[in-house]
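Chemist: Provided herewith is a single structure, encoded as structure tokens, for subsequent inquiry.
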Protein chains: 4
Amino acid sequence: MPASPSLPPRPEPGRLPFAAPADLAERLAATRAATLRLIAPLSEEDCQVQSMDDASPAKWHLAHTTWLFETFVLEAFEPGFMPFDADYRMLFNSYYHAIGPQHARPRRGLVTRPSLREVLRYRADVDARVLRLLERSDGPPQLRQLVWLGVQHEQQHQELLLTDILHLLSCHPCPAQAVYAPDAPQPALADPALRADLAFEGGLVRIGHAGDGFAFDNESPVHKVWLEPFVLRNQLVSETEWLEFVLDGGYRQVRWWLSAGWDWVQRLGIAAPAYWRQRKDGAWVRFSLRGEVPLSDQAPVVHISLYEAAAYSAWLAHRTGASWRLPTEAEWEHAVLARPDALQQVDDAAWQWTQSAYLPYPGFRPWDGPVQEYNGKFMAEQMVLRGGSCATPAGHARVSYRNFFPAGARWQFSGLRLAR
Amino acid sequence: MPASPSLPPRPEPGRLPFAAPADLAERLAATRAATLRLIAPLSEEDCQVQSMDDASPAKWHLAHTTWLFETFVLEAFEPGFMPFDADYRMLFNSYYHAIGPQHARPRRGLVTRPSLREVLRYRADVDARVLRLLERSDGPPQLRQLVWLGVQHEQQHQELLLTDILHLLSCHPCPAQAVYAPDAPQPALADPALRADLAFEGGLVRIGHAGDGFAFDNESPVHKVWLEPFVLRNQLVSETEWLEFVLDGGYRQVRWWLSAGWDWVQRLGIAAPAYWRQRKDGAWVRFSLRGEVPLSDQAPVVHISLYEAAAYSAWLAHRTGASWRLPTEAEWEHAVLARPDALQQVDDAAWQWTQSAYLPYPGFRPWDGPVQEYNGKFMAEQMVLRGGSCATPAGHARVSYRNFFPAGARWQFSGLRLAR
Amino acid sequence: MPASPSLPPRPEPGRLPFAAPADLAERLAATRAATLRLIAPLSEEDCQVQSMDDASPAKWHLAHTTWLFETFVLEAFEPGFMPFDADYRMLFNSYYHAIGPQHARPRRGLVTRPSLREVLRYRADVDARVLRLLERSDGPPQLRQLVWLGVQHEQQHQELLLTDILHLLSCHPCPAQAVYAPDAPQPALADPALRADLAFEGGLVRIGHAGDGFAFDNESPVHKVWLEPFVLRNQLVSETEWLEFVLDGGYRQVRWWLSAGWDWVQRLGIAAPAYWRQRKDGAWVRFSLRGEVPLSDQAPVVHISLYEAAAYSAWLAHRTGASWRLPTEAEWEHAVLARPDALQQVDDAAWQWTQSAYLPYPGFRPWDGPVQEYNGKFMAEQMVLRGGSCATPAGHARVSYRNFFPAGARWQFSGLRLAR
Amino acid sequence: MPASPSLPPRPEPGRLPFAAPADLAERLAATRAATLRLIAPLSEEDCQVQSMDDASPAKWHLAHTTWLFETFVLEAFEPGFMPFDADYRMLFNSYYHAIGPQHARPRRGLVTRPSLREVLRYRADVDARVLRLLERSDGPPQLRQLVWLGVQHEQQHQELLLTDILHLLSCHPCPAQAVYAPDAPQPALADPALRADLAFEGGLVRIGHAGDGFAFDNESPVHKVWLEPFVLRNQLVSETEWLEFVLDGGYRQVRWWLSAGWDWVQRLGIAAPAYWRQRKDGAWVRFSLRGEVPLSDQAPVVHISLYEAAAYSAWLAHRTGASWRLPTEAEWEHAVLARPDALQQVDDAAWQWTQSAYLPYPGFRPWDGPVQEYNGKFMAEQMVLRGGSCATPAGHARVSYRNFFPAGARWQFSGLRLAR
């Protein structure tokens with residue numbers, strides 16, 4: 001049965017280099033259910049508001065992840081496909097020009113209709129239809145690949161939903177009114193007594209993703225990189241260590257800062273990591289998804305920009321006489337592959353800034369089809385972060401995973417693992 | 001029973017020059033109920049969002065009007081006053097520096113907590129307490145005066161709530177999804193066959209409010225103004241008349257525009273009144289609280305800036321050879337007093353821009369007490385509008401009423417009554 | 001001999017309501033020479049730079065005033081007119097859309113060619129040609145009227161040239177390097193011992209310009225205004241008086257300020273009049289055309305905005321219990337007509353802010369012809385200043401003269417005469 | 001003889017890793033004279049104006065290059081050093097926080113004093129004093145090293161002076177009035193008939209500067225990089241080739257652009273390389289230092305951003321089916337070392353964008369002393385360009401030279417050498 005003539009042409013899925021798991025339907029259902037658990041503590045109002053251009057409303061995350069299944073899976077494979085609501089094709093398209101026009105990103109928070117309730121209906125409808133498709137045996141392999149991609153994509157948005165909500169709640173002038181949940185995820189702790197530096201020999205190493213397990217296109221191809229010997233800290237820099245930098249005047253001394261970083265500090269009046277505040281009683285606290293919590297030497301510093309990471313490294317290098325710096329992404333990946341057990345807080349505490357710009361690997365080719373726009377077009381003016389955070393869904397990250405943000409971004413769970 | 005020592009000192013109410021009506025409690029209850037009817041068609045999401053710095057969320061209007069009763073009435077007069085929520089004193093203070101700090105206006109939309117439901121509880125609680133106070137016989141006269149002021153204030157916000165919601169809904173990329181209500185207020189119509197010009201002799205006339213009925217401080221004192229003879233149109237300029245200006249290229253010809261108006265047109269790409277759109281089939285429509293409606297020669301043009309009003313007048317003057325212009329506010333007030341039955345669409349269609357700047361009357365004195373900040377401090381860089389609109393609650397406006405907005409504001413129901 | 005066919009059509013001069021003086025040629029020559037004396041202390045560099053959007057380079061003033069003679073006089077009346085340089089028609093047109101396109105105002109400082117030397121050649125050429133035209137006896141009256149207008153216009157730009165240069169020099173980080181001239185104009189002083197308040201009865205008075213002496217169109221027509229009794233200070237507020245306001249924290253207390261004024265203070269970090277600075281030794285100085293000079297009780301405060309004038313008045317009213325405020329322009333004009341000898345510092349110290357918006361007088365009609373754009377189109381969002389300043393050429397101002405600037409402008413010699 | 005006690009402490013020069021040439025004094029004199037030749041066609045006005053924040057006035061270049069000799073050479077080594085003018089230490093400091101405060105970069109054009117004439121006196125005075133120092137035999141090696149660094153620095157500013165002047169002149173609304181010089185440098189041409197692609201095998205190659213010849217710190221240390229096989233075009237993309245991209249709608253099709261590039265195109269309304277214009281007769285021209293010149297297939301496209309370079313490559317890859325892209329800086333450097341004669345337009349046409357971010361080489365250490373700020377602190381958010389341009393002084397560039405600009409910069413002579 002052909003699609004209605006007034007519909008746009010079906011997106012052609014293209015070939016994808018990974019295989020979907022056997023228990024795909026269960027994985028799909030579990031991931032979709034996990035998203036709903038994330039918004040359980042939130043009101044309609046909490047889910048509606050967009051607190052800055054870079055963030056999206058929780059409601060939008062709920063709808064956009066559904067849109068991806070509807071557009072890339074149902075529209076491409078469902079016989080007699082009819083959209084849940086024709087307006088959604090534009091309203092919840094993030095940035096896929098090949099699919100069609102998009103609602104402007106900074107105006108996502110103005111879309112009060114559909115309501116949260118209606119978006120939840122949309123989710124249920126699409127879920128049921130995708131599961132029905134998966135139950136049939138005669139689909140092409142791309143169908144299952146795209147569903148699997150949709151699951152990975154939803155997991156990415158689970159993390160963004162949490163960091164965007166944290167940003168929104170942090171805008172409330174009364175922190176006590178703005179708690180997300182008392183048992184919300186917090187960065188994994190580490191024992192300061194076990195802090196240590198690990199040495200690596202380097203040489204000609206292999207970096208990047210291989211095999212037919214899922215990975216994003218930006219993790220490929222596997223390629224060789226020459227590494228000089230280097231040292232990596234086994235833990236992330238802690239909040240207490242960072243406080244010393246603050247108290248030493250680190251944010252007021254130009255000498256530690258990259259030029260663009262100093263401009264950023266001056267322009268925005270930055271004086272500490274995001275969400276840090278000194279109480280009237282002198283104590284420093286961090287606003288978190290659990291509300292304000294005291295700083296700790298076991299907790300990694302989070303919500304720092306690359307500029308701050310670089311400034312801290314320069315300050316520490318000056319104090320210690322050792323050439324502390326950020327690792328490159330190749331150093332990071334090689335270290336994790338080489339000493340998987342020696343490194344702590346790899347993917348459960350904070351994403352770790354690297355000194356590598358987000359650029360294509362040698363021989364990089366984007367995926368085929370409309371998902372071509374997924375990663376490649378963002379390879380400019382961003383820096384790579386590696387690892388994973390307390391907000392990353394379990395099982396989502398990989399050693400070859402490349403996260404990326406502009407050097408001034410701070411609303412993610414971003415931290416620092418020192419190298420020299 | 002004294003207030004708790006940790007509370008700020010009670011605001012001193014000061015003396016006010018108007019009397020409250022005998023049926024004050026009924027008026028209060030009716031006005032508060034009318035506000036709730038306005039939000040009946042809206043979801044929690046609709047009530048949360050702030051679509052521009054100049055507008056406020058509907059939820060904020062609900063809370064702020066309540067705050068005024070709580071702060072100026074309960075806190076001043078209720079024995080043993082305890083705030084409903086101590087945070088609200090700052091959260092819902094609009095601009096009263098004498099009361100204390102305020103949450104920044106452009107960030108009102110970020111306050112997702114309290115929720116709409118909680119704000120409705122706040123309203124009910126304060127209503128009950130104010131009514132209880134009014135039932136006692138021993139209150140000072142200021143108590144009743146301030147309640148009466150609170151009613152007038154709430155009526156002002158009823159109009160703003162509608163114009164702010166209209167602005168929010170107009171931001172939705174799909175107009176059909178953004179209807180407020182099919183029976184929402186629309187500007188009063190007029191019969192084009194009855195259009196006429198009325199002549200007035202002028203002379204030394206009296207302007208301003210007298211007596212002890214309610215009026216804002218900016219309407220006083222009564223004073224003399226010398227008027228030359230003038231002519232006023234009995235109806236407002238219609239949408240069809242305005243369309244002729246649009247189609248004649250009026251928005252592209254610098255000669256009709258004030259210099260600041262032309263800058264405004266160029267900078268913002270203005271080409272028609274706010275909320276006007278030409279459909280693909282060529283027809284022009286206006287987005288309204290009822291959704292998109294066709295233009296009409298019976299309906300007044302609304303949502304125009306003073307710049308547009310002045311440009312239209314200059315264009316019409318050129319075409320007709322008559323010196324059409326905006327009226328002064330003294331001409332307008334004198335005309336309504338002199339020929340109350342001859343003028344149509346006075347206060348039920350659109351506020352009418354005047355060519356008078358919003359400045360103090362000779363001998364003006366602001367009210368005493370914290371309400372001193374109500375009007376006087378805004379007497380700079382705004383223009384006076386007279387009359388009333390379809391969104392103005394019945395009984396709220398007066399012939400001496402002075403509304404005021406910057407010359408470029410368009411989201412109110414603002415129109416044009418021609419003078420020469 | 002006809003103009004070349006490729007030239008645009010000659011501007012039609014229109015009818016003007018004033019007469020030129022008998023010694024017009026002498027007046028022209030003297031005024032043009034006076035302009036050259038103003039730039040004598042300046043280098044090519046000083047004459048080139050535009051220090052803010054509101055200001056113009058001195059070189060531009062030299063060229064634009066010449067352009068007005070070339071365009072409105074030579075092009076309209078000179079047989080066989082050929083432009084000095086065809087590009088200048090656009091380059092030095094300020095804002096006359098009827099004449100043709102203009103170079104964007106904020107980009108005037110980017111025009112390094114023609115050089116100052118070439119602009120001086122342009123001046124000499126146009127001067128000679130205009131004088132030649134004036135020597136003939138057969139010109140129409142408009143020719144002489146437009147030359148006379150050109151002289152008045154040049155005098156206006158003489159004042160602007162000085163205030164624009166003062167602003168540029170004030171941007172230099174080393175004040176001692178940025179002196180204009182040791183004998184530059186300074187505001188007229190007044191003896192504090194003679195400070196006094198003058199009472200006026202008001203009533204129905206006449207305001208505006210009459211007769212066929214020169215006046216701008218915005219000063220007409222003469223019209224009646226009703227004035228209540230009022231009091232005017234015979235001198236301007238002095239620097240020492242103003243310093244008391246500064247030291248009393250006047251710029252940090254919101255209660256004295258108009259709402260828009262407080263926004264302005266906060267946004268720009270205003271803490272004193274423009275060009276004031278507290279030296280490291282604690283002394284306050286004002287940067288002037290003569291360099292930094294100490295404050296004085298004989299010198300009027302200058303370089304204040306309307307916001308500051310209004311805040312000072314409110315502060316003083318609070319301290320004295322008298323209702324000090326700014327005068328209206330009608331009060332000001334009537335007072336000067338009524339008591340010409342009792343008022344000091346009328347037109348030789350600082351322009352005096354009024355509380356009147358710059359709006360058309362009743363029955364106002366702009367001049368005919370291209371000079372129609374001279375004044376009328378600026379009648380929005382500006383406030384009237386009356387009197388004259390130390391930078392106003394002798395003989396230029398009149399009692400009916402209406403100067404106008406936005407409420408936040410400070411780079412003119414603007415001061416305050418108190419009223420109540 | 002000690003420096004005067006009121007002077008700041010002498011900058012400590014630190015150790016530098018390069019040797020000065022034997023004919024240092026001649027090199028210095030020749031370079032300083034070459035700078036003066038560059039401004040010979042310019043007026044005082046041309047030398048004064050700053051046309052955008054990123055550019056500097058020619059007069060500032062003249063003074064700042066002199067300041068570097070005065071501060072880093074004379075102040076450090078001249079017995080009894082007295083500054084030419086104490087204010088210059090701040091006025092002409094570009095970005096050396098270790099030296100002291102700086103005049104804000106975007107305000108350089110406001111400094112009309114000293115005049116050009118005075119700056120030329122400053123140059124002559126410092127030149128004479130430096131040469132006198134060089135004549136003595138007993139100076140430390142750092143003295144000669146810093147003079148040699150000053151020469152290199154002056155050469156960098158010679159190129160900037162030309163590109164900044166080109167930008168200023170391009171702002172003139174009448175291009176014919178804005179010619180720099182009829183014999184000004186133009187990008188080297190190439191014969192389209194000789195266009196060819198060169199293949200390289202890659203492998204583990206050495207990159208970076210070695211030896212004691214002059215190089216900037218950012219070119220060190222030499223290090224190994226693994227390269228996959230790659231192909232490089234022997235010529236730069238020509239203007240005619242680029243015009244095809246323009247005419248094919250390349251600037252209007254989102255599919256070719258990086259996401260940040262598309263934002264940039266939309267925000268700034270970019271539709272062609274900088275300084276390109278389509279004449280009314282349909283012909284395309286480029287505004288150059290010689291005025292407007294027609295496009296050519298022999299001339300390289302210049303004044304393109306990295307965004308444009310990347311978009312052109314994507315467009316070409318799509319048309320040809322070959323994976324055209326920008327080279328990495330390691331590929332570029334290796335190719336020039338490997339096939340020095342096969343590559344054309346290496347350093348005499350246009351700087352060539354690479355796909356490498358400007359980041360530290362492994363083991364990078366900034367120079368010692370105040371020149372530590374020379375390069376390292378800019379290693380964020382910039383992209384590397386390699387080669388040299390027609391505006392680069394002869395002998396200045398090297399194969400290891402790393403130029404760097406933000407991805408959106410276009411006012412340099414920046415072009416594209418294709419790789420795949």
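Within each chain, counting starts at residue 1; across the structure tokens, chains are named A, B, ... in the order shown, with ligands numbered 1 upward in that order.
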Kindly provide the residues of chain C that approach chain B to within 6 Å, each paired with its closest atom pair and their distance in Å to one decimal, based on only C-alpha atoms, listed by chain and increasing number, as CSV.
Modeler:
residue,atom,partner,partner_atom,distance
C:Val225,CA,B:Trp226,CA,5.8
C:Trp226,CA,B:Val225,CA,5.8
C:Leu258,CA,B:Lys377,CA,4.5
C:Ser259,CA,B:Lys377,CA,5.3
C:Lys377,CA,B:Leu258,CA,4.5
C:Phe378,CA,B:Ser259,CA,5.6
C:Glu381,CA,B:Glu381,CA,5.7
Chemist: Filtering to all heavy atoms, could you give me those residues as a short mmCIF file (atom, residue, chain, number, x, y, z; two decimals), in the first residue's frame?
Modeler:
data_model
loop_
_atom_site.label_atom_id
_atom_site.label_comp_id
_atom_site.auth_asym_id
_atom_site.auth_seq_id
_atom_site.Cartn_x
_atom_site.Cartn_y
_atom_site.Cartn_z
N VAL C 225 -0.63 78.67 25.79
CA VAL C 225 -0.44 77.59 26.76
C VAL C 225 -0.88 78.12 28.13
O VAL C 225 -0.56 79.26 28.48
CB VAL C 225 1.04 77.15 26.83
CG1 VAL C 225 1.25 76.13 27.95
CG2 VAL C 225 1.48 76.57 25.50
N TRP C 226 -1.61 77.33 28.87
CA TRP C 226 -2.01 77.73 30.22
C TRP C 226 -0.95 77.26 31.21
O TRP C 226 -0.59 76.08 31.24
CB TRP C 226 -3.35 77.09 30.59
CG TRP C 226 -3.73 77.42 31.99
CD1 TRP C 226 -3.50 76.69 33.11
CD2 TRP C 226 -4.36 78.61 32.45
NE1 TRP C 226 -3.95 77.32 34.22
CE2 TRP C 226 -4.50 78.52 33.84
CE3 TRP C 226 -4.84 79.77 31.79
CZ2 TRP C 226 -5.09 79.52 34.61
CZ3 TRP C 226 -5.44 80.76 32.55
CH2 TRP C 226 -5.56 80.64 33.96
N LEU C 258 13.86 57.69 37.84
CA LEU C 258 12.88 57.13 36.93
C LEU C 258 13.24 55.68 36.66
O LEU C 258 14.43 55.31 36.67
CB LEU C 258 12.87 57.91 35.60
CG LEU C 258 12.26 59.31 35.67
CD1 LEU C 258 12.66 60.13 34.45
CD2 LEU C 258 10.72 59.18 35.73
N SER C 259 12.26 54.86 36.35
CA SER C 259 12.54 53.44 36.12
C SER C 259 13.52 53.26 34.96
O SER C 259 14.50 52.52 35.06
CB SER C 259 11.22 52.72 35.83
OG SER C 259 11.44 51.37 35.60
N LYS C 377 10.71 64.99 11.52
CA LYS C 377 10.73 63.54 11.63
C LYS C 377 11.46 63.04 12.88
O LYS C 377 11.48 61.83 13.14
CB LYS C 377 11.33 62.92 10.37
CG LYS C 377 12.82 63.08 10.20
CD LYS C 377 13.25 62.47 8.87
CE LYS C 377 14.74 62.57 8.67
NZ LYS C 377 15.16 62.07 7.35
N PHE C 378 12.03 63.96 13.62
CA PHE C 378 12.71 63.55 14.86
C PHE C 378 11.84 63.72 16.10
O PHE C 378 12.31 63.58 17.22
CB PHE C 378 14.01 64.34 15.02
CG PHE C 378 14.95 64.10 13.88
CD1 PHE C 378 15.19 65.07 12.92
CD2 PHE C 378 15.56 62.86 13.74
CE1 PHE C 378 16.03 64.82 11.85
CE2 PHE C 378 16.41 62.61 12.67
CZ PHE C 378 16.64 63.58 11.72
N GLU C 381 10.47 60.38 21.04
CA GLU C 381 11.43 59.82 21.98
C GLU C 381 12.63 60.72 22.25
O GLU C 381 13.73 60.22 22.50
CB GLU C 381 11.91 58.45 21.46
CG GLU C 381 10.74 57.50 21.35
CD GLU C 381 11.09 56.21 20.65
OE1 GLU C 381 11.90 56.24 19.74
OE2 GLU C 381 10.54 55.19 21.04
#
Chemist: Got a sec to tell me which of range 66-310 of chain C DSSP assigns to strand (DSSP E or B), as a ChimeraX atom specification?
Modeler: /C:197-200,203-207,223-227,230-233,238,276-278,284-288,291-294,300
Chemist: So which bits of range 27-60 of chain A end up helix (DSSP H, G or I) when you DSSP the backbone, as a list in words?
Modeler: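 In range 27-60 of chain A, DSSP puts these residues in helix (DSSP H, G or I): Arg27, Leu28, Ala29, Ala30, Thr31, Arg32, Ala33, Ala34, Thr35, Leu36, Arg37, Leu38, Ile39, Glu44, Glu45, Asp46, Cys47, Gln48, Ala58, Lys59 and Trp60 of chain A.
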Chemist: Provide the CA of Trp351 in chain B to CA of His303 in chain B distance in Å, to one decimal place.
Modeler: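 About the pair CA of Trp351 in chain B and CA of His303 in chain B: they are 9.6 Å apart.
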Chemist: So how far away is CA of His209 in chain D from CA of Ala188 in chain D, in Å?
Modeler: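 Separating CA of Ala188 in chain D from CA of His209 in chain D is a distance of 26.1 Å.
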Chemist: Using only C-alpha atoms, which residues sit within 6 Å of range 171-183 of chain C once same-chain residues fewer than 6 positions away are excluded, as number ranges by chain?
Modeler: C: 289-291; D: 111
Chemist: Write out as number ranges by chain the residues lying within 12 Å of Arg37 in chain D, counting only C-alpha atoms and excluding same-chain residues fewer than 5 positions away.
Modeler: D: 30-32, 42, 62, 158, 161-162, 181, 184
Chemist: Those residues you just picked out, can you put them in a file as a PDB file, in the first residue's frame with N, CA, C and O atoms?
Modeler:
ATOM      1  N   ALA D  30      66.811  46.909   7.248  1.00  0.00           N
ATOM      2  CA  ALA D  30      66.055  46.639   6.023  1.00  0.00           C
ATOM      3  C   ALA D  30      64.583  46.388   6.332  1.00  0.00           C
ATOM      4  O   ALA D  30      63.682  46.858   5.615  1.00  0.00           O
ATOM      5  N   THR D  31      64.322  45.663   7.393  1.00  0.00           N
ATOM      6  CA  THR D  31      62.932  45.343   7.741  1.00  0.00           C
ATOM      7  C   THR D  31      62.177  46.593   8.186  1.00  0.00           C
ATOM      8  O   THR D  31      61.030  46.824   7.800  1.00  0.00           O
ATOM      9  N   ARG D  32      62.852  47.397   8.999  1.00  0.00           N
ATOM     10  CA  ARG D  32      62.196  48.624   9.465  1.00  0.00           C
ATOM     11  C   ARG D  32      61.916  49.555   8.276  1.00  0.00           C
ATOM     12  O   ARG D  32      60.848  50.182   8.211  1.00  0.00           O
ATOM     13  N   LEU D  42      49.776  55.857   1.902  1.00  0.00           N
ATOM     14  CA  LEU D  42      48.658  56.117   2.808  1.00  0.00           C
ATOM     15  C   LEU D  42      48.725  57.510   3.423  1.00  0.00           C
ATOM     16  O   LEU D  42      49.812  58.025   3.691  1.00  0.00           O
ATOM     17  N   LEU D  62      52.712  50.469  13.301  1.00  0.00           N
ATOM     18  CA  LEU D  62      54.002  51.167  13.311  1.00  0.00           C
ATOM     19  C   LEU D  62      54.515  51.363  14.733  1.00  0.00           C
ATOM     20  O   LEU D  62      55.720  51.228  14.994  1.00  0.00           O
ATOM     21  N   GLN D 158      53.857  43.411   9.125  1.00  0.00           N
ATOM     22  CA  GLN D 158      53.796  43.936   7.755  1.00  0.00           C
ATOM     23  C   GLN D 158      52.639  43.297   6.995  1.00  0.00           C
ATOM     24  O   GLN D 158      51.897  43.961   6.269  1.00  0.00           O
ATOM     25  N   LEU D 161      49.396  44.619   8.476  1.00  0.00           N
ATOM     26  CA  LEU D 161      49.155  45.999   8.067  1.00  0.00           C
ATOM     27  C   LEU D 161      48.469  46.029   6.698  1.00  0.00           C
ATOM     28  O   LEU D 161      47.487  46.768   6.492  1.00  0.00           O
ATOM     29  N   LEU D 162      48.937  45.203   5.799  1.00  0.00           N
ATOM     30  CA  LEU D 162      48.332  45.179   4.455  1.00  0.00           C
ATOM     31  C   LEU D 162      46.907  44.629   4.482  1.00  0.00           C
ATOM     32  O   LEU D 162      45.999  45.174   3.835  1.00  0.00           O
ATOM     33  N   ALA D 181      47.435  50.919  -3.933  1.00  0.00           N
ATOM     34  CA  ALA D 181      48.539  51.248  -4.850  1.00  0.00           C
ATOM     35  C   ALA D 181      48.400  50.388  -6.094  1.00  0.00           C
ATOM     36  O   ALA D 181      48.058  49.206  -5.993  1.00  0.00           O
ATOM     37  N   ALA D 184      50.425  47.145  -5.972  1.00  0.00           N
ATOM     38  CA  ALA D 184      50.394  46.418  -4.703  1.00  0.00           C
ATOM     39  C   ALA D 184      50.519  44.916  -4.949  1.00  0.00           C
ATOM     40  O   ALA D 184      50.220  44.429  -6.044  1.00  0.00           O
TER      41      ALA D 184
END
Chemist: Pick from B:Ala63, B:Val293, B:Ala29, B:Ala349: nearest to Leu131 in chain B, with only C-alpha atoms counted?
Modeler: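 Closest to Leu131 in chain B, using only C-alpha atoms: B:Ala29.
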Chemist: Give me the residues within 10 Å of range 338-347 of chain C as a VMD selection string, counting only C-alpha atoms and dropping any in the same chain fewer than 5 places off.
Modeler: chain C and resid 187 to 191 194 to 198 200 232 to 236 299 to 300 332 to 333 352 386 to 392 394 to 399 417
